[in-house]
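The next block holds one structure in the form of structure tokens; read it before the comments.
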Amino acid sequence: ARPMYILLGVLSFLDMWLSSVIVPRLILDFTPANKAIPFGGCVAQLYFFHFLGSTQCFLYTLMAYDRYLAICRPLRYPLLMNGKLCTTLVAGAWVAGSIHGSIQATLTFRLPYCGPNQVDYFICDIPAVLRLACADTTVNELVTFVDIGVVAASCFMLILLSYANIVHAILKIRTADGRRRAFSTCGSHLTVVTVYYVPCIFIYLRAGSKSPLDGAVAVFYTVITPFLNPLIYTLRN
């Protein structure tokens, strides 16, 4: 398989599992059933949410790099990005995502929780869980801000750097049809990056926020974005 289709296949797999971590519990909240989640389930949900979410960040960066090589280095593309290398990079993204999720879950649940046990949120996520801790969470909030900020900002800057080179290469194309086709190749990826990163930045760069709008924004990138990704890529391609 060509690298582009390997990356799209992994994106589809990630979307499916990210939705599976969030949506069943979300649906349960709209039923008369018991809405309680066990402590172990809360730990697992937070870990897998950040594991899969950060892996998706890394995957979007790999997809931008793939598009950069395809447009800016077309003659060397089969050598620079072959199936074996693509698979290795994807495996590295999974490992890095797992490490990131482990760090966040360990730091969050090492705190004592002896007060209220109701998470004022639709999932067990870091900002909501930290509000229940009966200890100083300043260090946790700082680490969350730095760790997630570094991961998201680094991936985002690499994506911007890739697209800066892509735009520069496309503008050198002499025909309007050639430029249109090149931009069209990147349109799907730019769309999904935008609908994923903007809500994430809104949530995690305001770790101490208690705005009720946070929940609505979180639903967008945890439920709606995975739902839109297949539609975006199908229609664009």
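We label chains A, B, ... in the order they appear in the structure tokens, count residues from 1 in each chain, and number ligands from 1 in the order shown.
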Q: May I have the residues within 12 Å of Thr106 (chain A) as a list in words, using only C-alpha atoms and disregarding those fewer than 3 positions away in the same chain?
A: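 Close residues of Thr106 (chain A): Val43, Ala44, Leu46, Tyr47, His50, Ile99, His100, Gly101, Ser102, Ile103, Phe109, Arg110, Leu111, Ile126, Asn140, Val143 and Thr144 of chain A.
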**Q.** Long-range neighbours of Leu52 (chain A) as a PyMOL selection string, 12 Å cut-off, only C-alpha atoms, 3 positions minimum in chain
**A.** chain A and resi 10-22+44-49+55-59+93-102+222+226
Q: Report as an NGL selection string: the residues of region 42-177 of chain A with a DSSP assignment of helix (DSSP H, G or I), based on the backbone of this structure.
A: :A and (42-72 or 77-80 or 83-109 or 126-130 or 138-171 or 176-177)
Residue selection dump (C-alpha atoms) as a short mmCIF file (atom, residue, chain, number, x, y, z; two decimals), in the first residue's frame:
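Generated file (result_13.cif):
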```cif
data_model
loop_
_atom_site.label_atom_id
_atom_site.label_comp_id
_atom_site.auth_asym_id
_atom_site.auth_seq_id
_atom_site.Cartn_x
_atom_site.Cartn_y
_atom_site.Cartn_z
CA CYS A 42 -12.02 6.73 35.08
CA VAL A 43 -8.26 6.05 35.05
CA ALA A 44 -8.59 3.93 31.89
CA GLN A 45 -10.74 6.53 30.14
CA LEU A 46 -8.30 9.35 30.87
CA TYR A 47 -5.30 7.26 29.79
CA PHE A 48 -6.79 6.03 26.51
CA PHE A 49 -8.24 9.43 25.71
CA HIS A 50 -4.82 11.10 25.93
CA PHE A 51 -3.01 8.11 24.41
CA LEU A 52 -5.21 8.07 21.30
CA GLY A 53 -5.54 11.86 21.11
CA SER A 54 -1.78 12.49 21.19
CA THR A 55 -1.19 9.65 18.72
CA GLN A 56 -3.63 11.40 16.40
CA CYS A 57 -1.60 14.61 16.79
CA PHE A 58 1.56 12.79 15.75
CA LEU A 59 -0.27 11.13 12.86
CA TYR A 60 -1.48 14.47 11.48
CA THR A 61 2.16 15.62 11.54
CA LEU A 62 3.26 12.53 9.60
CA MET A 63 0.50 13.15 7.06
CA ALA A 64 1.74 16.73 6.57
CA TYR A 65 5.29 15.42 6.09
CA ASP A 66 4.01 12.87 3.57
CA ARG A 67 2.25 15.63 1.58
CA TYR A 68 5.41 17.76 1.75
CA LEU A 69 7.53 14.98 0.24
CA ALA A 70 4.90 14.17 -2.42
CA ILE A 71 4.68 17.78 -3.64
CA CYS A 72 8.14 19.21 -2.94
CA TYR A 77 9.23 10.44 -2.91
CA PRO A 78 9.29 6.62 -3.41
CA LEU A 79 12.74 6.53 -1.78
CA LEU A 80 12.11 9.04 1.02
CA GLY A 83 5.78 1.62 2.96
CA LYS A 84 8.36 0.25 5.42
CA LEU A 85 9.48 3.70 6.59
CA CYS A 86 5.87 4.86 6.88
CA THR A 87 5.00 1.85 9.04
CA THR A 88 8.01 2.55 11.28
CA LEU A 89 7.00 6.20 11.72
CA VAL A 90 3.41 5.20 12.53
CA ALA A 91 4.67 2.70 15.13
CA GLY A 92 6.78 5.48 16.66
CA ALA A 93 3.68 7.70 16.87
CA TRP A 94 1.83 4.94 18.76
CA VAL A 95 4.71 4.49 21.23
CA ALA A 96 5.04 8.25 21.81
CA GLY A 97 1.28 8.53 22.32
CA SER A 98 1.32 5.70 24.86
CA ILE A 99 4.13 7.38 26.83
CA HIS A 100 2.26 10.69 26.80
CA GLY A 101 -0.96 9.06 28.04
CA SER A 102 0.92 7.22 30.80
CA ILE A 103 2.54 10.43 32.05
CA GLN A 104 -0.76 12.30 32.19
CA ALA A 105 -2.66 9.46 33.89
CA THR A 106 0.10 8.84 36.46
CA LEU A 107 0.45 12.51 37.41
CA THR A 108 -3.31 12.97 37.69
CA PHE A 109 -4.12 9.92 39.80
CA ILE A 126 -7.58 16.15 33.45
CA PRO A 127 -9.14 19.58 34.23
CA ALA A 128 -12.36 18.04 35.59
CA VAL A 129 -10.62 15.35 37.67
CA LEU A 130 -8.07 17.77 39.17
CA THR A 138 -0.59 23.78 40.73
CA VAL A 139 2.24 21.47 39.65
CA ASN A 140 -0.18 19.19 37.80
CA GLU A 141 -1.77 22.10 35.97
CA LEU A 142 1.70 23.41 35.03
CA VAL A 143 2.87 20.00 33.79
CA THR A 144 -0.38 19.53 31.86
CA PHE A 145 0.03 22.93 30.25
CA VAL A 146 3.69 22.36 29.36
CA ASP A 147 3.41 18.70 28.30
CA ILE A 148 0.27 18.98 26.20
CA GLY A 149 1.35 22.43 25.02
CA VAL A 150 4.75 21.16 23.85
CA VAL A 151 3.24 18.14 22.06
CA ALA A 152 0.48 20.13 20.37
CA ALA A 153 2.65 23.17 19.58
CA SER A 154 5.53 21.07 18.21
CA CYS A 155 3.22 19.06 15.96
CA PHE A 156 1.39 22.20 14.86
CA MET A 157 4.62 24.05 14.05
CA LEU A 158 5.93 21.09 12.03
CA ILE A 159 2.63 21.01 10.11
CA LEU A 160 2.87 24.76 9.43
CA LEU A 161 6.51 24.36 8.31
CA SER A 162 5.52 21.56 5.93
CA TYR A 163 2.72 23.63 4.44
CA ALA A 164 4.89 26.73 4.12
CA ASN A 165 7.21 24.69 1.90
CA ILE A 166 4.24 23.16 0.07
CA VAL A 167 2.72 26.58 -0.68
CA HIS A 168 6.11 27.85 -1.86
CA ALA A 169 6.44 24.87 -4.21
CA ILE A 170 2.87 25.18 -5.50
CA LEU A 171 3.28 28.86 -6.33
CA ALA A 176 -3.53 27.29 -12.82
CA ASP A 177 -4.81 23.73 -13.18
#
```
Q: Measure the distance from CA of Asn229 (chain A) to CA of Thr191 (chain A) in Å and round it to one decimal.
A: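 Calculated distance between CA of Asn229 (chain A) and CA of Thr191 (chain A) is 8.9 Å.
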Counting only C-alpha atoms, what are the residues of region 87-199 of chain A within 10 Å of region 31-41 of chain A, and for each of them which pair of atoms is the nearest and at what distance in Å, to one decimal? Sort the table by chain and rising number, as a Markdown table.
```
| residue | atom | partner | partner_atom | distance |
| --- | --- | --- | --- | --- |
| A:Phe109 | CA | A:Phe39 | CA | 9.7 |
| A:Asn117 | CA | A:Phe39 | CA | 9.6 |
| A:Gln118 | CA | A:Ala36 | CA | 8.5 |
| A:Val119 | CA | A:Ile37 | CA | 9.6 |
| A:Ile123 | CA | A:Ile37 | CA | 9.6 |
| A:Cys124 | CA | A:Gly41 | CA | 8.9 |
```
Q) Interatomic distance between CA of Pro74 (chain A) and CA of Ile173 (chain A)? A) 13.2 Å
Q) Between CA of Phe227 (chain A) and CA of Arg180 (chain A), what is the spacing in Å? A)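 CA of Phe227 (chain A) lies 26.9 Å from CA of Arg180 (chain A).
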